[in-house]
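Listing of model-v9.pdb; format and content: PDB, C-alpha atoms.
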```pdb
ATOM      1  CA  MET Y 130      77.760  93.942  89.864  1.00  0.00           C
ATOM      2  CA  SER Y 131      78.573  97.630  89.508  1.00  0.00           C
ATOM      3  CA  SER Y 132      76.111 100.031  91.135  1.00  0.00           C
ATOM      4  CA  GLU Y 133      75.584 103.297  89.270  1.00  0.00           C
ATOM      5  CA  ARG Y 134      73.419 104.501  92.159  1.00  0.00           C
ATOM      6  CA  GLY Y 135      76.192 103.742  94.606  1.00  0.00           C
ATOM      7  CA  ARG Y 136      78.820 105.509  92.522  1.00  0.00           C
ATOM      8  CA  LYS Y 137      76.645 108.601  92.305  1.00  0.00           C
ATOM      9  CA  VAL Y 138      76.108 108.791  96.067  1.00  0.00           C
ATOM     10  CA  HIS Y 139      79.763 107.915  96.700  1.00  0.00           C
ATOM     11  CA  GLY Y 140      80.814 110.798  94.452  1.00  0.00           C
ATOM     12  CA  GLU Y 141      78.676 113.226  96.451  1.00  0.00           C
ATOM     13  CA  ALA Y 142      80.457 112.113  99.618  1.00  0.00           C
ATOM     14  CA  GLU Y 143      83.877 112.563  98.014  1.00  0.00           C
ATOM     15  CA  ARG Y 144      83.030 116.119  97.016  1.00  0.00           C
ATOM     16  CA  ALA Y 145      81.782 116.907 100.519  1.00  0.00           C
ATOM     17  CA  ARG Y 146      84.988 115.499 101.985  1.00  0.00           C
ATOM     18  CA  GLU Y 147      87.170 117.613  99.730  1.00  0.00           C
ATOM     19  CA  ARG Y 148      85.196 120.716 100.700  1.00  0.00           C
ATOM     20  CA  GLY Y 149      86.149 119.942 104.281  1.00  0.00           C
ATOM     21  CA  GLU Y 150      82.577 118.970 105.244  1.00  0.00           C
ATOM     22  CA  SER Y 151      83.590 115.861 107.159  1.00  0.00           C
ATOM     23  CA  LEU Y 152      80.320 115.217 108.998  1.00  0.00           C
ATOM     24  CA  GLU Y 153      78.301 115.538 105.797  1.00  0.00           C
ATOM     25  CA  ALA Y 154      80.747 113.244 103.998  1.00  0.00           C
ATOM     26  CA  LEU Y 155      80.429 110.551 106.666  1.00  0.00           C
ATOM     27  CA  LYS Y 156      76.630 110.703 106.493  1.00  0.00           C
ATOM     28  CA  ILE Y 157      76.670 110.302 102.719  1.00  0.00           C
ATOM     29  CA  TYR Y 158      79.243 107.490 102.914  1.00  0.00           C
ATOM     30  CA  ASP Y 159      76.784 105.628 105.151  1.00  0.00           C
ATOM     31  CA  GLU Y 160      74.096 106.129 102.517  1.00  0.00           C
ATOM     32  CA  ALA Y 161      76.455 104.856  99.816  1.00  0.00           C
ATOM     33  CA  THR Y 162      77.271 101.828 101.980  1.00  0.00           C
ATOM     34  CA  LEU Y 163      73.609 100.799 102.061  1.00  0.00           C
ATOM     35  CA  VAL Y 164      73.139 101.402  98.330  1.00  0.00           C
ATOM     36  CA  TYR Y 165      76.204  99.333  97.430  1.00  0.00           C
ATOM     37  CA  GLN Y 166      75.022  96.498  99.672  1.00  0.00           C
ATOM     38  CA  GLU Y 167      71.510  96.557  98.195  1.00  0.00           C
ATOM     39  CA  ASP Y 168      72.925  96.449  94.666  1.00  0.00           C
ATOM     40  CA  GLY Y 169      75.475  93.740  95.467  1.00  0.00           C
ATOM     41  CA  ASP Y 170      78.476  95.907  94.524  1.00  0.00           C
ATOM     42  CA  MET Y 171      81.235  94.519  96.749  1.00  0.00           C
ATOM     43  CA  LEU Y 172      83.927  96.567  95.035  1.00  0.00           C
ATOM     44  CA  GLY Y 173      82.037  99.766  95.819  1.00  0.00           C
ATOM     45  CA  LEU Y 174      81.289  98.580  99.347  1.00  0.00           C
ATOM     46  CA  ALA Y 175      84.990  98.049 100.048  1.00  0.00           C
ATOM     47  CA  GLU Y 176      85.989 101.348  98.468  1.00  0.00           C
ATOM     48  CA  VAL Y 177      83.494 103.415 100.421  1.00  0.00           C
ATOM     49  CA  GLN Y 178      84.876 102.053 103.705  1.00  0.00           C
ATOM     50  CA  SER Y 179      88.357 103.015 102.481  1.00  0.00           C
ATOM     51  CA  ALA Y 180      87.059 106.511 101.782  1.00  0.00           C
ATOM     52  CA  ARG Y 181      85.846 106.804 105.364  1.00  0.00           C
ATOM     53  CA  GLN Y 182      89.460 106.294 106.418  1.00  0.00           C
ATOM     54  CA  LEU Y 183      90.455 109.419 104.486  1.00  0.00           C
ATOM     55  CA  THR Y 184      87.720 111.449 106.149  1.00  0.00           C
ATOM     56  CA  PHE Y 185      88.802 110.333 109.600  1.00  0.00           C
ATOM     57  CA  GLY Y 186      92.336 111.318 108.643  1.00  0.00           C
ATOM     58  CA  HIS Y 187      91.131 114.798 107.741  1.00  0.00           C
ATOM     59  CA  LEU Y 188      89.321 115.036 111.076  1.00  0.00           C
ATOM     60  CA  HIS Y 189      92.560 114.127 112.838  1.00  0.00           C
ATOM     61  CA  ASP Y 190      94.362 116.866 110.912  1.00  0.00           C
ATOM     62  CA  LYS Y 191      91.676 119.337 111.934  1.00  0.00           C
ATOM     63  CA  THR Y 192      91.351 118.397 115.609  1.00  0.00           C
ATOM     64  CA  GLY Y 193      94.640 116.728 116.510  1.00  0.00           C
ATOM     65  CA  ASP Y 194      92.658 113.961 118.223  1.00  0.00           C
ATOM     66  CA  SER Y 195      94.290 110.567 117.610  1.00  0.00           C
ATOM     67  CA  VAL Y 196      90.949 108.805 118.149  1.00  0.00           C
ATOM     68  CA  PHE Y 197      90.219 109.600 114.501  1.00  0.00           C
ATOM     69  CA  LEU Y 198      93.346 107.723 113.432  1.00  0.00           C
ATOM     70  CA  ILE Y 199      92.086 104.654 115.275  1.00  0.00           C
ATOM     71  CA  LEU Y 200      88.653 104.969 113.649  1.00  0.00           C
ATOM     72  CA  GLY Y 201      90.341 105.374 110.282  1.00  0.00           C
ATOM     73  CA  LYS Y 202      92.445 102.277 110.802  1.00  0.00           C
ATOM     74  CA  TYR Y 203      89.421 100.110 111.513  1.00  0.00           C
ATOM     75  CA  ALA Y 204      87.470 101.573 108.597  1.00  0.00           C
ATOM     76  CA  ALA Y 205      90.385 100.618 106.355  1.00  0.00           C
ATOM     77  CA  MET Y 206      90.594  97.160 107.918  1.00  0.00           C
ATOM     78  CA  SER Y 207      86.912  96.564 107.203  1.00  0.00           C
ATOM     79  CA  ALA Y 208      87.475  97.566 103.580  1.00  0.00           C
ATOM     80  CA  VAL Y 209      90.301  95.055 103.240  1.00  0.00           C
ATOM     81  CA  GLU Y 210      88.266  92.271 104.843  1.00  0.00           C
ATOM     82  CA  ILE Y 211      85.308  92.921 102.539  1.00  0.00           C
ATOM     83  CA  ALA Y 212      87.534  93.066  99.459  1.00  0.00           C
ATOM     84  CA  GLU Y 213      89.390  89.881 100.389  1.00  0.00           C
ATOM     85  CA  LYS Y 214      86.257  87.929 101.253  1.00  0.00           C
ATOM     86  CA  TYR Y 215      83.778  89.073  98.623  1.00  0.00           C
ATOM     87  CA  GLY Y 216      85.639  90.983  95.952  1.00  0.00           C
ATOM     88  CA  GLU Y 217      87.567  90.268  92.803  1.00  0.00           C
ATOM     89  CA  PRO Y 218      91.323  90.934  92.487  1.00  0.00           C
ATOM     90  CA  GLU Y 219      90.651  94.400  91.082  1.00  0.00           C
ATOM     91  CA  SER Y 220      88.933  95.396  94.331  1.00  0.00           C
ATOM     92  CA  LEU Y 221      92.015  94.961  96.512  1.00  0.00           C
ATOM     93  CA  ALA Y 222      94.469  97.715  95.556  1.00  0.00           C
ATOM     94  CA  LEU Y 223      92.770 100.770  97.060  1.00  0.00           C
ATOM     95  CA  PRO Y 224      91.744  99.086 100.339  1.00  0.00           C
ATOM     96  CA  TYR Y 225      95.329  97.871 100.807  1.00  0.00           C
ATOM     97  CA  GLU Y 226      96.648 101.352 100.053  1.00  0.00           C
ATOM     98  CA  ARG Y 227      94.269 103.013 102.501  1.00  0.00           C
ATOM     99  CA  LEU Y 228      95.129 100.536 105.242  1.00  0.00           C
ATOM    100  CA  GLY Y 229      98.765 101.366 104.571  1.00  0.00           C
ATOM    101  CA  GLN Y 230      97.922 105.045 105.025  1.00  0.00           C
ATOM    102  CA  ALA Y 231      96.150 104.290 108.297  1.00  0.00           C
ATOM    103  CA  HIS Y 232      99.158 102.438 109.679  1.00  0.00           C
ATOM    104  CA  GLU Y 233     101.507 105.181 108.480  1.00  0.00           C
ATOM    105  CA  ALA Y 234      99.437 107.881 110.194  1.00  0.00           C
ATOM    106  CA  LEU Y 235      99.800 105.921 113.434  1.00  0.00           C
ATOM    107  CA  GLY Y 236     103.576 105.679 112.958  1.00  0.00           C
ATOM    108  CA  GLU Y 237     103.402 101.951 112.214  1.00  0.00           C
ATOM    109  CA  LEU Y 238     105.750 102.101 109.248  1.00  0.00           C
ATOM    110  CA  ASP Y 239     106.558  98.394 108.932  1.00  0.00           C
ATOM    111  CA  GLN Y 240     102.863  97.556 108.662  1.00  0.00           C
ATOM    112  CA  ALA Y 241     102.302 100.486 106.308  1.00  0.00           C
ATOM    113  CA  ILE Y 242     105.029  99.274 103.969  1.00  0.00           C
ATOM    114  CA  GLU Y 243     103.609  95.745 104.078  1.00  0.00           C
ATOM    115  CA  TYR Y 244     100.207  96.938 102.872  1.00  0.00           C
ATOM    116  CA  TYR Y 245     101.626  99.372 100.341  1.00  0.00           C
ATOM    117  CA  LYS Y 246     103.529  96.461  98.805  1.00  0.00           C
ATOM    118  CA  LYS Y 247     100.301  94.475  98.657  1.00  0.00           C
ATOM    119  CA  ALA Y 248      98.613  97.468  97.028  1.00  0.00           C
ATOM    120  CA  VAL Y 249     101.338  97.765  94.394  1.00  0.00           C
ATOM    121  CA  GLU Y 250     100.972  94.083  93.549  1.00  0.00           C
ATOM    122  CA  ALA Y 251      97.175  94.277  93.495  1.00  0.00           C
ATOM    123  CA  SER Y 252      97.298  97.389  91.293  1.00  0.00           C
ATOM    124  CA  LYS Y 253      98.391  95.202  88.387  1.00  0.00           C
ATOM    125  CA  SER Y 254      94.671  94.405  88.228  1.00  0.00           C
ATOM    126  CA  LEU Y 255      92.458  97.469  88.734  1.00  0.00           C
ATOM    127  CA  SER Y 256      88.750  98.029  88.280  1.00  0.00           C
ATOM    128  CA  GLU Y 257      87.498  99.987  85.280  1.00  0.00           C
ATOM    129  CA  PHE Y 258      87.054 103.029  87.520  1.00  0.00           C
ATOM    130  CA  HIS Y 259      90.753 103.179  88.370  1.00  0.00           C
ATOM    131  CA  ASP Y 260      92.521 101.307  85.577  1.00  0.00           C
ATOM    132  CA  ASN Y 261      95.261 103.722  84.534  1.00  0.00           C
ATOM    133  CA  ASN Y 262      98.977 104.201  85.080  1.00  0.00           C
ATOM    134  CA  SER Y 263      98.494 107.343  87.161  1.00  0.00           C
ATOM    135  CA  VAL Y 264      96.653 105.406  89.874  1.00  0.00           C
ATOM    136  CA  ARG Y 265      99.415 102.792  89.856  1.00  0.00           C
ATOM    137  CA  ALA Y 266     102.030 105.535  90.134  1.00  0.00           C
ATOM    138  CA  GLU Y 267     100.238 107.156  93.068  1.00  0.00           C
ATOM    139  CA  ILE Y 268     100.197 103.807  94.884  1.00  0.00           C
ATOM    140  CA  ARG Y 269     103.920 103.313  94.203  1.00  0.00           C
ATOM    141  CA  SER Y 270     104.565 106.808  95.528  1.00  0.00           C
ATOM    142  CA  ARG Y 271     102.987 105.819  98.835  1.00  0.00           C
ATOM    143  CA  LEU Y 272     105.293 102.841  99.139  1.00  0.00           C
ATOM    144  CA  ALA Y 273     108.384 104.846  98.195  1.00  0.00           C
ATOM    145  CA  THR Y 274     107.737 107.712 100.609  1.00  0.00           C
ATOM    146  CA  ALA Y 275     106.977 105.305 103.464  1.00  0.00           C
ATOM    147  CA  GLU Y 276     110.246 103.486 102.750  1.00  0.00           C
ATOM    148  CA  LEU Y 277     112.043 106.839 102.681  1.00  0.00           C
ATOM    149  CA  LYS Y 278     110.504 107.763 106.021  1.00  0.00           C
ATOM    150  CA  ASN Y 279     111.636 104.376 107.318  1.00  0.00           C
ATOM    151  CA  GLY Y 280     115.279 105.144 106.478  1.00  0.00           C
ATOM    152  CA  ASP Y 281     115.684 103.840 102.914  1.00  0.00           C
ATOM    153  CA  GLU Y 282     117.379 106.791 101.184  1.00  0.00           C
ATOM    154  CA  SER Y 283     117.263 105.034  97.803  1.00  0.00           C
ATOM    155  CA  ALA Y 284     113.472 105.394  97.896  1.00  0.00           C
ATOM    156  CA  LEU Y 285     113.748 109.124  97.145  1.00  0.00           C
ATOM    157  CA  GLU Y 286     114.508 108.448  93.486  1.00  0.00           C
ATOM    158  CA  ARG Y 287     111.582 106.042  93.221  1.00  0.00           C
ATOM    159  CA  ALA Y 288     109.237 108.577  94.798  1.00  0.00           C
ATOM    160  CA  LEU Y 289     110.307 111.376  92.459  1.00  0.00           C
ATOM    161  CA  LYS Y 290     109.912 109.117  89.428  1.00  0.00           C
ATOM    162  CA  THR Y 291     106.226 108.597  90.188  1.00  0.00           C
ATOM    163  CA  ILE Y 292     105.562 112.333  89.844  1.00  0.00           C
ATOM    164  CA  ASP Y 293     106.245 112.241  86.102  1.00  0.00           C
ATOM    165  CA  GLU Y 294     103.967 109.208  85.780  1.00  0.00           C
ATOM    166  CA  ILE Y 295     100.892 110.901  87.259  1.00  0.00           C
ATOM    167  CA  ASN Y 296      99.180 112.136  84.114  1.00  0.00           C
ATOM    168  CA  GLU Y 297      96.673 114.986  84.053  1.00  0.00           C
ATOM    169  CA  LYS Y 298      94.955 113.510  81.001  1.00  0.00           C
ATOM    170  CA  GLU Y 299      94.167 110.343  82.926  1.00  0.00           C
ATOM    171  CA  VAL Y 300      93.014 111.755  86.250  1.00  0.00           C
ATOM    172  CA  GLY Y 301      92.364 115.471  85.639  1.00  0.00           C
ATOM    173  CA  LYS Y 302      94.194 118.546  86.894  1.00  0.00           C
ATOM    174  CA  TYR Y 303      92.623 118.600  90.354  1.00  0.00           C
ATOM    175  CA  VAL Y 304      93.531 115.003  91.186  1.00  0.00           C
ATOM    176  CA  ARG Y 305      97.000 115.337  89.689  1.00  0.00           C
ATOM    177  CA  ASP Y 306      97.691 118.456  91.747  1.00  0.00           C
ATOM    178  CA  VAL Y 307      96.451 116.728  94.910  1.00  0.00           C
ATOM    179  CA  TRP Y 308      98.558 113.639  94.306  1.00  0.00           C
ATOM    180  CA  VAL Y 309     101.744 115.372  93.187  1.00  0.00           C
ATOM    181  CA  SER Y 310     101.652 117.946  95.983  1.00  0.00           C
ATOM    182  CA  GLY Y 311     101.097 115.030  98.353  1.00  0.00           C
ATOM    183  CA  VAL Y 312     104.207 113.254  97.097  1.00  0.00           C
ATOM    184  CA  TYR Y 313     106.286 116.383  97.607  1.00  0.00           C
ATOM    185  CA  MET Y 314     104.833 116.905 101.092  1.00  0.00           C
ATOM    186  CA  ARG Y 315     105.590 113.344 102.156  1.00  0.00           C
ATOM    187  CA  ILE Y 316     109.140 113.654 100.815  1.00  0.00           C
ATOM    188  CA  ALA Y 317     109.554 116.957 102.650  1.00  0.00           C
ATOM    189  CA  GLU Y 318     108.365 115.367 105.883  1.00  0.00           C
ATOM    190  CA  ALA Y 319     110.570 112.292 105.458  1.00  0.00           C
ATOM    191  CA  THR Y 320     113.703 114.339 104.660  1.00  0.00           C
ATOM    192  CA  ASN Y 321     112.937 117.539 106.602  1.00  0.00           C
ATOM    193  CA  SER Y 322     113.428 119.381 103.322  1.00  0.00           C
ATOM    194  CA  LYS Y 323     112.337 122.932 102.595  1.00  0.00           C
ATOM    195  CA  GLU Y 324     113.051 122.373  98.890  1.00  0.00           C
ATOM    196  CA  TYR Y 325     110.314 119.770  98.461  1.00  0.00           C
ATOM    197  CA  LEU Y 326     107.921 121.668 100.684  1.00  0.00           C
ATOM    198  CA  GLU Y 327     108.304 124.665  98.368  1.00  0.00           C
ATOM    199  CA  LYS Y 328     107.539 122.457  95.360  1.00  0.00           C
ATOM    200  CA  ALA Y 329     104.292 121.414  97.029  1.00  0.00           C
ATOM    201  CA  LYS Y 330     103.476 125.035  97.844  1.00  0.00           C
ATOM    202  CA  GLU Y 331     103.990 126.050  94.226  1.00  0.00           C
ATOM    203  CA  ILE Y 332     101.351 123.561  93.087  1.00  0.00           C
ATOM    204  CA  VAL Y 333      98.878 124.386  95.844  1.00  0.00           C
ATOM    205  CA  ASN Y 334      99.168 128.151  95.407  1.00  0.00           C
ATOM    206  CA  LYS Y 335      98.320 127.865  91.715  1.00  0.00           C
ATOM    207  CA  ASN Y 336      95.113 125.873  92.275  1.00  0.00           C
ATOM    208  CA  GLU Y 337      92.374 127.589  94.288  1.00  0.00           C
ATOM    209  CA  GLU Y 338      90.422 124.324  94.518  1.00  0.00           C
ATOM    210  CA  LEU Y 339      93.007 122.769  96.820  1.00  0.00           C
ATOM    211  CA  GLU Y 340      91.584 124.269 100.007  1.00  0.00           C
ATOM    212  CA  LEU Y 341      92.027 121.136 102.085  1.00  0.00           C
ATOM    213  CA  ARG Y 342      95.545 120.536 100.787  1.00  0.00           C
ATOM    214  CA  LYS Y 343      96.439 124.154 101.587  1.00  0.00           C
ATOM    215  CA  ARG Y 344      95.464 123.674 105.232  1.00  0.00           C
ATOM    216  CA  GLN Y 345      97.452 120.438 105.393  1.00  0.00           C
ATOM    217  CA  LEU Y 346     100.451 122.208 103.886  1.00  0.00           C
ATOM    218  CA  GLU Y 347     100.260 125.005 106.451  1.00  0.00           C
ATOM    219  CA  LYS Y 348     100.282 122.462 109.278  1.00  0.00           C
ATOM    220  CA  LEU Y 349     103.241 120.630 107.757  1.00  0.00           C
ATOM    221  CA  SER Y 350     105.142 123.898 107.322  1.00  0.00           C
ATOM    222  CA  GLU Y 351     104.547 124.672 110.978  1.00  0.00           C
ATOM    223  CA  LYS Y 352     105.645 121.179 112.006  1.00  0.00           C
ATOM    224  CA  LEU Y 353     108.871 121.388 110.003  1.00  0.00           C
ATOM    225  CA  GLY Y 354     109.550 124.959 111.021  1.00  0.00           C
ATOM    226  CA  PHE Y 355     109.703 126.370 107.488  1.00  0.00           C
TER     227      PHE Y 355
END
```
Here is the file; what I need is its structure written in the form of structure tokens.
Amino acid sequence: MSSERGRKVHGEAERARERGESLEALKIYDEATLVYQEDGDMLGLAEVQSARQLTFGHLHDKTGDSVFLILGKYAAMSAVEIAEKYGEPESLALPYERLGQAHEALGELDQAIEYYKKAVEASKSLSEFHDNNSVRAEIRSRLATAELKNGDESALERALKTIDEINEKEVGKYVRDVWVSGVYMRIAEATNSKEYLEKAKEIVNKNEELELRKRQLEKLSEKLGF
């Protein structure tokens, strides 16, 4: 059962997160959790736990405290367990992807790749909220860049291919710019490449809405020394 109430509250949390208001986002995610449970929306319940993982990741970026990576990992694990136990096949892709992100953030690349592969397979069946080729491409980009980071140089071509498959008409300009800049940033980090970092900067500098991405880009530039 899909919960319109839950989706509305969930959306408010997503917007707070992207404004960098992490505490407010977490509070609203808790509200969405209760609404989804009351309405019996297991897909939404799994997805909102996955979204908490992203917020904890942003808090790690802001503070440098690895405790947030651990919290993010267990939020993502709870999402996967809920989706596997109570959900339909279309509820699995995003929780698997977010758990992959959690493992990758902790440097656990083998586990990250394992869950990204599960996410790619699960993305063949997506819920109506995410059923488009751009979402599938973004998931494949996560797998490819993790493989690249893990030493598979052939993954670079696969990662770059996903960029052309992320369609603004399907997901909107904001989301496309976030996703594509993210692909370039992950490639830059995996290859220590100024070229791909500059491609990410070009996108971010043209979109004033990408405040959070801009801060992440500045930290990556500092880390890579460019």
If I wrap all listed atoms of range 210-228 of chain Y in a box with edges along x, y and z and add 8 Å on each side, what are its centre and edge lengths in Å to one decimal, as AutoDock Vina command-line options?
```
--center_x 90.2 --center_y 95.5 --center_z 98.2 --size_x 28.9 --size_y 31.1 --size_z 30.2
```
Residue contacts of Glu237 in chain Y (12 Å, all atoms listed in the file) excluding same-chain residues fewer than 5 positions away, as a short mmCIF file (atom, residue, chain, number, x, y, z; two decimals) with C-alpha atoms, in the coordinates of the input:
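To be explicit, this is the file written out as part37.cif:
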```
data_model
loop_
_atom_site.label_atom_id
_atom_site.label_comp_id
_atom_site.auth_asym_id
_atom_site.auth_seq_id
_atom_site.Cartn_x
_atom_site.Cartn_y
_atom_site.Cartn_z
CA LEU Y 198 93.35 107.72 113.43
CA LYS Y 202 92.44 102.28 110.80
CA LEU Y 228 95.13 100.54 105.24
CA GLY Y 229 98.76 101.37 104.57
CA GLN Y 230 97.92 105.04 105.02
CA ALA Y 231 96.15 104.29 108.30
CA HIS Y 232 99.16 102.44 109.68
CA ILE Y 242 105.03 99.27 103.97
CA GLU Y 243 103.61 95.74 104.08
CA TYR Y 244 100.21 96.94 102.87
CA ALA Y 275 106.98 105.30 103.46
CA GLU Y 276 110.25 103.49 102.75
CA LYS Y 278 110.50 107.76 106.02
CA ASN Y 279 111.64 104.38 107.32
#
```
Answer key for the PyMOL selection byres ((chain Y and resi 135-142) around 6), residues as number ranges by chain
Y: 132-134, 143-145, 154, 157-158, 161, 164-165
Would you save the residues of that selection, restricted to C-alpha atoms, as a short mmCIF file (atom, residue, chain, number, x, y, z; two decimals), keeping the file's coordinate frame?
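Output contents, as saved in part.cif:
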```cif
data_model
loop_
_atom_site.label_atom_id
_atom_site.label_comp_id
_atom_site.auth_asym_id
_atom_site.auth_seq_id
_atom_site.Cartn_x
_atom_site.Cartn_y
_atom_site.Cartn_z
CA SER Y 132 76.11 100.03 91.14
CA GLU Y 133 75.58 103.30 89.27
CA ARG Y 134 73.42 104.50 92.16
CA GLU Y 143 83.88 112.56 98.01
CA ARG Y 144 83.03 116.12 97.02
CA ALA Y 145 81.78 116.91 100.52
CA ALA Y 154 80.75 113.24 104.00
CA ILE Y 157 76.67 110.30 102.72
CA TYR Y 158 79.24 107.49 102.91
CA ALA Y 161 76.46 104.86 99.82
CA VAL Y 164 73.14 101.40 98.33
CA TYR Y 165 76.20 99.33 97.43
#
```
Selection result of the PyMOL selection byres ((chain Y and resi 175) around 9) on this file, as a PyMOL selection string
chain Y and resi 162+170-174+176-180+205+207-212+216+220-221+223-224
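Applied to this file, the PyMOL selection byres ((chain Y and resi 291-300) around 7) selects the residues Y:Asn261, Y:Ser263, Y:Ala266, Y:Glu267, Y:Ser270, Y:Arg287, Y:Ala288, Y:Leu289, Y:Lys290, Y:Gly301, Y:Lys302, Y:Val304, Y:Arg305, Y:Val309.
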Which residues are close to range 323-336 of chain Y, i.e. within 9 Å by all atoms listed in the file, leaving aside same-chain residues fewer than 3 positions away? Reply as a list in words.
Tyr303, Asp306, Val307, Val309, Ser310, Gly311, Val312, Tyr313, Met314, Arg315, Ile316, Ala317, Glu318, Thr320, Leu339, Glu340, Arg342, Lys343, Leu346, Leu349, Ser350, Leu353 and Phe355 of chain Y
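Taking CA of Ala241 in chain Y as the reference point, CA of Gly280 in chain Y is found at 13.8 Å.
Between CA of Ala273 in chain Y and CA of Tyr245 in chain Y the interatomic distance comes to 9.0 Å.
Closest to Glu347 in chain Y among Y:Lys191, Y:Val264, Y:Glu167, Y:Gly149 is Y:Lys191, based on all atoms listed in the file.
Distance check against Ala234 in chain Y using all atoms listed in the file: of Y:Arg269, Y:His189, Y:Lys253, Y:Lys246, the minimum falls on Y:His189.
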